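Asks: For reference, the file coords12.txt (compact mmCIF, C-alpha atoms) is included below:
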# COMPACT_ATOMS: atom_id res chain seq x y z
CA MET A 928 -15.61 7.38 18.03
CA LYS A 929 -18.89 5.89 16.75
CA LEU A 930 -19.32 2.47 15.27
CA ILE A 931 -22.16 1.88 12.88
CA ASP A 932 -23.39 -1.69 12.86
CA THR A 933 -25.64 -2.21 9.85
CA LYS A 934 -27.89 -5.23 10.12
CA LYS A 935 -30.54 -5.58 7.38
CA SER A 936 -32.33 -2.23 7.25
CA GLU A 937 -31.67 -1.07 10.80
CA THR A 938 -28.58 0.91 11.64
CA LYS A 939 -27.31 0.81 15.21
CA ILE A 940 -24.63 3.20 16.33
CA ARG A 941 -22.47 2.49 19.32
CA ASP A 942 -19.30 4.03 20.71
CA ILE A 943 -15.93 2.43 20.37
CA THR A 944 -14.48 2.51 23.84
CA PRO A 945 -10.94 3.90 24.36
CA LEU A 946 -9.90 0.37 25.34
CA GLU A 947 -11.27 -1.06 22.09
CA LEU A 948 -9.57 1.71 20.17
CA ASP A 949 -6.24 0.83 21.77
CA ALA A 950 -6.84 -2.84 21.03
CA LEU A 951 -7.72 -1.97 17.43
CA ARG A 952 -4.47 0.00 17.15
CA GLU A 953 -2.59 -2.92 18.65
CA THR A 954 -4.22 -5.29 16.16
CA ALA A 955 -3.11 -2.98 13.36
CA ASN A 956 0.37 -3.09 14.83
CA ILE A 957 0.52 -6.90 14.82
CA GLY A 958 1.36 -7.18 11.14
CA THR A 959 3.77 -4.24 11.07
CA GLY A 960 6.82 -6.20 12.19
CA ASN A 961 6.11 -8.96 9.66
CA ALA A 962 5.61 -6.46 6.83
CA ALA A 963 8.86 -4.67 7.74
CA PHE A 964 10.67 -8.03 7.81
CA ALA A 965 9.25 -8.97 4.38
CA LEU A 966 10.39 -5.62 2.93
CA SER A 967 13.85 -5.90 4.53
CA ASN A 968 14.23 -9.33 2.93
CA ILE A 969 13.40 -7.94 -0.50
CA PHE A 970 15.67 -4.89 -0.30
CA LYS A 971 18.37 -6.40 1.94
CA ARG A 972 18.25 -3.12 3.81
CA GLN A 973 16.73 -1.87 7.01
CA VAL A 974 13.09 -0.88 6.61
CA THR A 975 11.46 1.44 9.09
CA ILE A 976 7.70 1.33 9.49
CA SER A 977 5.96 3.87 11.68
CA LEU A 978 3.40 2.99 14.32
CA PRO A 979 -0.09 2.73 12.84
CA VAL A 980 -2.31 5.79 12.85
CA LEU A 981 -6.03 5.05 12.98
CA THR A 982 -8.40 7.50 11.37
CA VAL A 983 -12.14 7.41 10.87
CA SER A 984 -12.81 8.80 7.43
CA THR A 985 -15.06 8.37 4.42
CA THR A 986 -14.14 7.08 0.99
CA ASP A 987 -14.71 10.63 -0.32
CA ASP A 988 -12.23 12.19 2.12
CA ILE A 989 -9.47 9.62 1.93
CA SER A 990 -7.31 11.89 -0.28
CA ASN A 991 -6.80 14.12 2.78
CA VAL A 992 -5.25 11.21 4.68
CA ILE A 993 -2.49 10.42 2.18
CA THR A 994 0.96 12.02 2.31
CA ASN A 995 1.43 12.79 -1.39
CA GLN A 996 -1.95 14.27 -2.22
CA ASN A 997 -0.55 17.02 -4.48
CA GLU A 998 1.49 14.93 -6.89
CA MET A 999 1.20 12.00 -9.25
CA VAL A 1000 1.25 8.77 -7.30
CA VAL A 1001 1.65 5.09 -8.10
CA GLY A 1002 -0.36 2.61 -6.06
CA ILE A 1003 -0.24 -1.12 -5.43
CA TYR A 1004 -3.91 -1.84 -4.94
CA SER A 1005 -5.78 -4.93 -3.74
CA LYS A 1006 -9.31 -5.63 -2.65
CA ILE A 1007 -9.76 -7.76 0.45
CA THR A 1008 -11.82 -10.64 -0.88
CA GLU A 1009 -12.45 -12.76 2.20
CA GLY A 1010 -12.53 -12.36 5.96
CA MET A 1011 -12.98 -8.59 6.01
CA GLU A 1012 -14.42 -5.93 3.74
CA GLY A 1013 -12.04 -3.30 2.48
CA ASN A 1014 -9.04 -2.37 0.38
CA ILE A 1015 -5.34 -2.45 0.92
CA LEU A 1016 -3.14 0.05 -0.84
CA THR A 1017 0.49 1.12 -0.91
CA LEU A 1018 0.97 4.59 -2.31
CA MET A 1019 4.12 6.42 -3.30
CA PRO A 1020 5.30 9.12 -5.68
CA ILE A 1021 6.62 7.88 -9.04
CA ASN A 1022 10.24 8.58 -8.04
CA ALA A 1023 9.89 6.30 -5.01
CA ALA A 1024 8.37 3.56 -7.20
CA MET A 1025 11.36 3.82 -9.55
CA GLU A 1026 13.75 3.68 -6.57
CA ILE A 1027 12.05 0.47 -5.41
CA VAL A 1028 12.53 -1.09 -8.83
CA ARG A 1029 16.18 0.02 -8.95
CA ALA A 1030 16.79 -1.29 -5.42
CA PHE A 1031 15.18 -4.62 -6.39
CA PHE A 1032 17.30 -5.05 -9.52
CA LYS A 1033 20.37 -3.51 -7.80
CA ASP A 1034 20.47 -1.29 -10.84
CA ASN A 1035 21.82 2.26 -11.08
CA ALA A 1036 20.21 3.02 -14.43
CA ASP A 1037 18.27 6.26 -14.41
CA ASN A 1038 15.03 4.84 -15.85
CA LYS A 1039 12.20 7.33 -15.64
CA SER A 1040 9.21 5.15 -16.50
CA LEU A 1041 7.76 1.86 -15.26
CA SER A 1042 8.05 -1.02 -17.72
CA GLU A 1043 5.88 -4.16 -17.53
CA LYS A 1044 8.77 -5.91 -15.74
CA ASP A 1045 8.93 -3.04 -13.22
CA LYS A 1046 5.18 -3.28 -12.64
CA GLN A 1047 5.59 -6.99 -11.89
CA VAL A 1048 8.22 -6.13 -9.27
CA LEU A 1049 5.78 -3.76 -7.57
CA GLN A 1050 3.02 -6.38 -7.71
CA LYS A 1051 5.37 -8.94 -6.15
CA LEU A 1052 6.21 -6.42 -3.45
CA GLY A 1053 2.48 -5.88 -2.83
CA VAL A 1054 1.86 -9.62 -2.46
CA SER A 1055 4.75 -9.89 -0.05
CA ILE A 1056 3.72 -6.98 2.20
CA TYR A 1057 -0.02 -7.71 2.13
CA SER A 1058 0.27 -11.41 2.81
CA SER A 1059 2.66 -10.91 5.73
CA TYR A 1060 0.53 -8.10 7.16
CA LEU A 1061 -2.86 -9.76 6.70
CA THR A 1062 -1.67 -13.21 7.83
CA SER A 1063 -0.91 -11.74 11.25
CA ILE A 1064 -4.35 -10.17 11.46
CA ALA A 1065 -5.96 -13.40 10.22
CA LYS A 1066 -4.21 -15.36 12.96
CA PHE A 1067 -5.53 -12.91 15.54
CA LEU A 1068 -9.05 -13.16 14.11
CA LYS A 1069 -8.78 -16.92 13.68
CA LYS A 1070 -10.22 -16.68 10.18
CA ARG A 1071 -8.98 -16.61 6.58
CA VAL A 1072 -8.24 -13.16 5.20
CA LEU A 1073 -7.60 -13.11 1.46
CA PHE A 1074 -6.87 -10.33 -1.03
CA SER A 1075 -7.04 -10.03 -4.81
CA PRO A 1076 -3.81 -10.00 -6.86
CA PRO A 1077 -2.48 -6.42 -6.69
CA SER A 1078 -3.03 -4.00 -9.57
CA ILE A 1079 -0.69 -1.12 -10.31
CA ILE A 1080 -2.64 2.12 -10.47
CA SER A 1081 -1.55 5.69 -11.11
CA THR A 1082 -3.35 8.96 -10.62
CA HIS A 1083 -3.09 12.41 -9.06
CA GLY A 1084 -3.02 12.03 -5.26
CA ASN A 1085 -6.19 14.06 -5.02
CA SER A 1086 -8.14 11.53 -7.10
CA ILE A 1087 -7.14 8.41 -5.18
CA HIS A 1088 -10.54 8.20 -3.48
CA GLU A 1089 -12.08 7.34 -6.85
CA PHE A 1090 -10.24 4.00 -6.88
CA LEU A 1091 -11.44 3.17 -3.40
CA GLN A 1092 -15.04 3.83 -4.38
CA ILE A 1093 -14.94 1.03 -6.97
CA HIS A 1094 -15.33 -1.64 -4.33
CA LEU A 1095 -16.55 0.44 -1.40
CA GLY A 1096 -19.50 2.83 -1.54
CA ASN A 1097 -19.41 6.57 -2.20
CA ASN A 1098 -18.93 8.48 1.00
CA GLU A 1099 -18.84 5.19 2.94
CA LYS A 1100 -17.51 5.42 6.48
CA ILE A 1101 -14.24 3.57 6.87
CA ILE A 1102 -11.47 2.96 9.36
CA VAL A 1103 -8.11 3.87 7.86
CA ILE A 1104 -5.00 2.28 9.27
CA LYS A 1105 -2.02 4.19 7.93
CA LEU A 1106 1.64 3.32 8.25
CA ASN A 1107 4.56 5.20 6.74
CA PHE A 1108 7.49 3.19 5.51
CA GLU A 1109 11.02 4.18 4.69
CA VAL A 1110 13.76 2.00 3.19
CA GLY A 1111 17.10 2.85 4.80
CA LYS A 1112 19.65 4.88 2.76
CA THR A 1113 17.22 5.33 -0.16
CA LYS A 1114 14.60 7.91 -1.04
CA ILE A 1115 11.83 5.30 -0.81
CA LYS A 1116 9.01 6.64 1.33
CA GLY A 1117 5.31 6.04 1.07
CA ASP A 1118 2.01 5.23 2.72
CA PHE A 1119 0.63 1.82 3.47
CA LEU A 1120 -3.13 2.01 3.94
CA LEU A 1121 -5.56 -0.60 5.15
CA LEU A 1122 -9.11 0.59 4.68
CA LEU A 1123 -11.84 -1.36 6.40
CA THR A 1124 -15.54 -0.74 6.25
CA TYR A 1125 -17.41 -0.28 9.51
CA ASN A 1126 -19.13 -3.62 8.84
CA SER A 1127 -15.72 -5.30 8.90
CA ILE A 1128 -14.80 -3.75 12.21
CA THR A 1129 -17.75 -5.34 14.03
CA PRO A 1130 -16.38 -8.94 14.08
CA LEU A 1131 -12.90 -7.54 14.73
CA LEU A 1132 -14.17 -5.70 17.81
CA ALA A 1133 -16.18 -8.72 18.96
CA ASN A 1134 -12.97 -10.73 18.84
CA ILE A 1135 -11.08 -8.03 20.74
CA ASP A 1136 -13.84 -7.88 23.39
CA LYS A 1137 -13.75 -11.69 23.71
CA LYS A 1138 -9.98 -11.71 24.16
CA MET A 1139 -10.12 -8.92 26.73
CA SER A 1140 -12.92 -10.42 28.81
CA MET B 762 -0.62 33.56 -15.67
CA ILE B 763 -3.31 33.11 -18.28
CA SER B 764 -7.05 33.33 -17.61
CA LEU B 765 -9.61 30.78 -18.72
CA SER B 766 -11.18 33.27 -21.17
CA ASP B 767 -7.78 33.74 -22.88
CA LEU B 768 -7.43 30.00 -22.86
CA LYS B 769 -10.77 29.67 -24.63
CA ASN B 770 -9.55 31.94 -27.44
CA ASP B 771 -6.28 30.04 -27.77
CA LEU B 772 -8.12 26.75 -27.97
CA LEU B 773 -10.45 28.09 -30.66
CA LYS B 774 -7.57 29.62 -32.69
CA ASN B 775 -5.22 26.61 -32.64
CA ARG B 776 -5.81 23.10 -33.92
CA THR B 777 -3.49 21.40 -31.41
CA THR B 778 -2.83 22.80 -27.94
CA CYS B 779 -1.16 21.65 -24.76
CA ILE B 780 -2.11 23.11 -21.38
CA VAL B 781 0.50 22.89 -18.65
CA PHE B 782 -1.06 22.88 -15.18
CA PRO B 783 0.61 23.74 -11.86
CA VAL B 784 0.79 20.40 -10.02
CA LYS B 785 -0.98 21.60 -6.88
CA ASP B 786 -3.92 23.31 -8.61
CA TYR B 787 -4.47 20.62 -11.23
CA PRO B 788 -7.64 19.06 -9.70
CA ILE B 789 -9.47 22.42 -9.71
CA LEU B 790 -8.11 23.75 -13.01
CA ILE B 791 -8.89 20.58 -14.98
CA ASN B 792 -12.54 20.86 -13.90
CA ASP B 793 -12.57 24.50 -15.06
CA LEU B 794 -11.03 23.52 -18.39
CA VAL B 795 -13.57 20.75 -18.97
CA LYS B 796 -16.39 23.18 -18.15
CA THR B 797 -14.96 25.73 -20.60
CA LEU B 798 -14.74 23.10 -23.34
CA SER B 799 -18.31 21.94 -22.73
CA GLU B 800 -19.57 25.52 -23.11
CA ASN B 801 -17.72 26.17 -26.38
CA TYR B 802 -17.79 22.93 -28.35
CA GLY B 803 -20.26 20.34 -29.58
CA LYS B 804 -19.25 16.73 -29.08
CA ILE B 805 -16.03 16.20 -27.09
CA ILE B 806 -13.80 13.11 -26.76
CA TYR B 807 -12.38 12.87 -23.25
CA VAL B 808 -9.43 10.48 -23.04
CA SER B 809 -8.88 9.96 -19.33
CA LEU B 810 -5.48 8.59 -18.41
CA ASN B 811 -5.79 9.10 -14.67
CA ARG B 812 -9.42 9.25 -13.63
CA LEU B 813 -12.08 6.56 -13.69
CA TYR B 814 -15.15 7.01 -15.89
CA ASN B 815 -17.85 6.72 -13.18
CA PRO B 816 -16.49 9.20 -10.61
CA LEU B 817 -15.30 11.53 -13.37
CA LYS B 818 -18.75 11.72 -14.94
CA ARG B 819 -20.38 12.07 -11.52
CA LYS B 820 -18.06 14.99 -10.65
CA MET B 821 -18.84 16.65 -13.99
CA GLN B 822 -22.57 16.31 -13.32
CA GLN B 823 -22.10 17.83 -9.85
CA ASP B 824 -20.31 20.76 -11.52
CA LYS B 825 -23.33 21.20 -13.84
CA ILE B 826 -21.36 20.21 -16.93
CA ASP B 827 -23.45 18.83 -19.79
CA THR B 828 -22.07 15.29 -19.88
CA SER B 829 -24.22 14.34 -22.88
CA LYS B 830 -21.64 16.15 -25.02
CA PHE B 831 -18.83 13.85 -23.88
CA LEU B 832 -17.60 10.52 -25.20
CA PHE B 833 -15.09 8.95 -22.87
CA VAL B 834 -12.07 6.78 -23.45
CA ASP B 835 -11.30 5.43 -19.98
CA CYS B 836 -7.75 4.12 -19.73
CA VAL B 837 -7.84 3.57 -15.97
CA THR B 838 -10.81 1.50 -14.78
CA ARG B 839 -9.56 -1.73 -16.33
CA THR B 840 -6.30 -1.46 -14.37
CA ALA B 841 -8.38 -1.97 -11.21
CA VAL B 842 -11.51 -3.85 -12.41
CA ALA B 843 -11.25 -6.65 -14.95
CA GLN B 844 -14.74 -6.29 -16.42
CA PRO B 845 -16.28 -2.89 -15.79
CA GLU B 846 -19.94 -2.21 -16.52
CA GLU B 847 -20.49 -1.21 -20.16
CA HIS B 848 -21.76 2.28 -21.02
CA ASP B 849 -22.80 3.73 -24.39
CA ASP B 850 -20.63 6.82 -23.93
CA CYS B 851 -17.45 5.07 -22.82
CA ILE B 852 -14.80 2.85 -24.33
CA TYR B 853 -12.56 1.11 -21.81
CA VAL B 854 -8.90 0.71 -22.73
CA SER B 855 -6.73 -1.81 -20.86
CA ALA B 856 -4.08 0.62 -19.53
CA PRO B 857 -2.92 4.25 -19.78
CA ASN B 858 0.00 3.14 -21.94
CA ALA B 859 -2.03 0.95 -24.33
CA LEU B 860 -1.32 3.54 -27.02
CA THR B 861 -2.60 1.55 -30.00
CA GLU B 862 -5.87 0.76 -28.21
CA ILE B 863 -6.28 4.45 -27.30
CA SER B 864 -5.65 5.49 -30.89
CA ILE B 865 -8.18 2.94 -32.23
CA ALA B 866 -10.80 4.07 -29.68
CA ILE B 867 -10.32 7.72 -30.71
CA THR B 868 -10.71 6.87 -34.42
CA LYS B 869 -13.84 4.83 -33.70
CA ILE B 870 -15.45 7.74 -31.84
CA ILE B 871 -14.47 10.27 -34.53
CA GLN B 872 -16.01 8.11 -37.26
CA THR B 873 -19.27 7.59 -35.39
CA HIS B 874 -19.89 10.80 -33.41
CA TYR B 875 -18.10 13.58 -35.36
CA PRO B 876 -16.63 15.37 -32.31
CA GLU B 877 -15.22 18.90 -32.46
CA ILE B 878 -12.44 18.52 -29.92
CA LEU B 879 -10.38 15.84 -28.20
CA ILE B 880 -8.93 16.24 -24.71
CA ILE B 881 -6.21 13.91 -23.43
CA ASP B 882 -5.84 14.17 -19.66
CA SER B 883 -3.04 13.94 -18.69
CA LEU B 884 0.29 13.17 -20.35
CA SER B 885 1.90 13.07 -16.89
CA THR B 886 0.30 9.64 -16.38
CA LEU B 887 1.65 8.47 -19.72
CA LEU B 888 5.14 9.46 -18.56
CA ILE B 889 4.84 7.08 -15.60
CA TYR B 890 4.83 4.14 -18.02
CA GLU B 891 6.41 5.40 -21.23
CA SER B 892 9.65 7.14 -22.15
CA GLN B 893 9.63 10.74 -23.31
CA MET B 894 10.40 9.50 -26.83
CA SER B 895 7.33 7.21 -26.92
CA ALA B 896 5.14 9.96 -25.46
CA SER B 897 6.36 12.42 -28.13
CA GLN B 898 5.69 9.88 -30.89
CA PHE B 899 2.19 9.31 -29.53
CA ILE B 900 1.45 13.07 -29.40
CA HIS B 901 2.77 13.46 -32.94
CA SER B 902 0.62 10.60 -34.20
CA ILE B 903 -2.55 11.86 -32.47
CA SER B 904 -2.07 15.46 -33.60
CA ASN B 905 -1.57 14.28 -37.20
CA LYS B 906 -4.74 12.23 -36.96
CA MET B 907 -6.68 15.18 -35.55
CA ASN B 908 -5.40 17.43 -38.34
CA ALA B 909 -6.52 14.85 -40.90
CA PHE B 910 -10.02 14.57 -39.39
CA GLY B 911 -10.35 18.32 -38.76
CA VAL B 912 -10.81 17.82 -35.01
CA ASN B 913 -9.10 20.09 -32.44
CA ALA B 914 -6.86 18.46 -29.84
CA CYS B 915 -6.09 19.59 -26.32
CA PHE B 916 -3.42 17.75 -24.33
CA THR B 917 -2.89 18.38 -20.63
CA ILE B 918 0.26 17.89 -18.56
CA LEU B 919 1.44 18.83 -15.08
CA ASN B 920 4.30 21.28 -14.67
CA GLY B 921 6.57 18.84 -12.82
CA GLU B 922 10.29 18.22 -13.08
CA LYS B 923 9.81 14.90 -14.89
CA GLU B 924 7.59 16.55 -17.50
CA GLN B 925 9.98 19.36 -18.57
CA PRO B 926 11.67 17.56 -21.51
CA LEU B 927 8.27 16.56 -22.94
CA ILE B 928 6.90 20.10 -22.51
CA LYS B 929 9.89 21.36 -24.51
CA ASP B 930 9.19 18.77 -27.22
CA MET B 931 5.57 19.83 -27.43
CA ASN B 932 6.58 23.35 -28.42
CA LEU B 933 7.78 21.74 -31.66
CA LEU B 934 4.97 19.22 -32.07
CA LEU B 935 1.88 21.32 -31.35
CA ASP B 936 0.47 24.68 -32.45
CA LYS B 937 0.46 26.18 -28.96
CA VAL B 938 1.69 25.32 -25.45
CA ILE B 939 -0.05 27.29 -22.71
CA ILE B 940 1.52 27.36 -19.25
CA LEU B 941 -1.01 28.18 -16.53
What does the file become when written as structure tokens?
Replies:
Amino acid sequence: MKLIDTKKSETKIRDITPLELDALRETANIGTGNAAFALSNIFKRQVTISLPVLTVSTTDDISNVITNQNEMVVGIYSKITEGMEGNILTLMPINAAMEIVRAFFKDNADNKSLSEKDKQVLQKLGVSIYSSYLTSIAKFLKKRVLFSPPSIISTHGNSIHEFLQIHLGNNEKIIVIKLNFEVGKTKIKGDFLLLLTYNSITPLLANIDKKMS
Amino acid sequence: MISLSDLKNDLLKNRTTCIVFPVKDYPILINDLVKTLSENYGKIIYVSLNRLYNPLKRKMQQDKIDTSKFLFVDCVTRTAVAQPEEHDDCIYVSAPNALTEISIAITKIIQTHYPEILIIDSLSTLLIYESQMSASQFIHSISNKMNAFGVNACFTILNGEKEQPLIKDMNLLLDKVIIL
């Protein structure tokens, strides 16, 4: 894996060592337990979160990474505003979003569309997952990591890259940390994606190297 | 299965049309439809409920579509960016379900640019936030407005399970429903 370190106009490329890659994966894993705990608290049910999968991709190709690329999806979307450069996004099909809302309100009504109140529930969920996940990473980095209040977005899975290009560049190289989550005894399944620019990875790797040495 | 050339004739013959896309092929087919419209009409209003103005226009330019014919109503960008950059050919609406804002934006464009056709892409996004009843009322109101102004209207929707009741409704509300 190559790491591009852009400083002013010069672009240096160096390899990420297998050890650094493992450490990066481990860093991504740090927040997983906290995020699962936050979700379990909301739903009062067991939440399973998969081990993180790290992919090097570009903002143009991100649609290929997501699970539901061939259907309409709802996203809880935040920009990382301090500490790192990137986006954080939870994506799910509309049915899963409705299930989340029903599970939150402990409601059996067969609502088929998201009201303003439902959108607020999803935003609250986003704040809860993102703060618990990013706080763990921030502690590891020993720096503040902040994110913007989540927006609720909706699009065809194939067009999701367009949202990521608002704050990141077109065809920009990114590290994608993907986790799948599943809320026990419901149909709620989706992707949790942390997208970091290569520039963001540099201090992260420096910290990993420092801790390992 | 209907071809794009048949589709062109149907669009020209009918004032209000709905095109039902297979979910999987939607990203490719919508580009083909937009290209077909650009080759057969003068000014076009493109109400985008699920794609952002900048990447949408860029993709159209990559596909060699004459974007100078299009006037956009972007209902998506402001859900992710509070104050997007202003453009002469785009009106930003706060959300895909801000139906009054969308309707006002359409009227404003009709009165200033005299378009020949309106495309609303896609009603599947509207169904994420609105009930089937509200979506039907919106379609009814827009098609009446288009009839009054003498502008053709083309709605798009995906052929999903959630969309079936609305697709049935549209057979009553619009001149033609075309299932691809």
Asks: Using only C-alpha atoms, select each residue of chain A with any atom at most 6 Å away from an atom of chain B, and give the selection as a PyMOL selection string.
Replies: chain A and resi 997+1040-1041+1078+1082
Asks: With C-alpha atoms retained, write the just-selected residues as a PDB file, in the frame of the given file.
Replies:
ATOM      1  CA  ASN A 997      -0.550  17.020  -4.480  1.00  0.00           C
ATOM      2  CA  SER A1040       9.210   5.150 -16.500  1.00  0.00           C
ATOM      3  CA  LEU A1041       7.760   1.860 -15.260  1.00  0.00           C
ATOM      4  CA  SER A1078      -3.030  -4.000  -9.570  1.00  0.00           C
ATOM      5  CA  THR A1082      -3.350   8.960 -10.620  1.00  0.00           C
TER       6      THR A1082
END
Asks: Would you work out the distance separating atom CA of B:Asp835 from atom CA of B:Ile880, expressed in Å to one decimal?
Replies: 12.0 Å
Asks: Rounded to one decimal place, report the atom CA of A:Leu1131-atom CA of A:Ser1058 distance in Å.
Replies: 18.2 Å
Asks: What does the distance from atom CA of A:Asn1085 to atom CA of A:Thr959 come to in Å, to one decimal?
Replies: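 Atom CA of A:Thr959 lies 26.3 Å from atom CA of A:Asn1085.
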Asks: Point out the residue among B:Thr868, B:Gln822, B:Thr917, B:Asn770 with the least atom-to-atom distance to B:Ser902, counting only C-alpha atoms.
Replies: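 Of the candidates, the smallest distance to B:Ser902 is held by B:Thr868.
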Asks: Go ahead and find all residues with at least one atom no further than 9 Å from (-14.0, 21.1, -9.1) in the file's coordinates, using only C-alpha atoms; report them as a ChimeraX atom specification.
Replies: /B:788-793,820-821,823-824
Asks: Do a neighbour search on A:Phe964 at 12 Å with all atoms listed in the file, toss out local chain neighbours closer than 3 positions, and write the hits as a VMD selection string.
Replies: chain A and resid 958 to 961 967 to 976 1055 to 1056 1059 to 1060 1108 1110
Asks: Which residue gives the smallest distance to A:Ile1080 among B:Lys796, B:Arg776, B:Ser855, B:Lys929, with all atoms listed in the file counted?
Replies: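 Using all atoms listed in the file, the shortest distance to A:Ile1080 belongs to B:Ser855.
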Asks: List the neighbours of A:Ile1087 out to 12 Å using all atoms listed in the file; skip same-chain residues closer than 6 positions along the sequence, and give me the result as an MDAnalysis selection string.
Replies: (chainID A and resid 986:1004 1016:1019 1080:1081 1093 1120) or (chainID B and resid 788 811:813 816:817 837)
Asks: Would you kindly return, as a PyMOL selection string, each protein, DNA or RNA residue with an atom no farther than 9 Å from any atom of B:Phe916, considering only C-alpha atoms and excluding same-chain residues fewer than 4 positions away?
Replies: chain B and resi 777-781+879-884+900
Asks: Using all atoms listed in the file, pick whichever of A:Ile1007, A:Pro1020, A:Lys1112, A:Leu1061 has the shortest atom-to-atom distance to A:Gly1084.
Replies: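 With all atoms listed in the file as the atom set, the closest residue is A:Pro1020.
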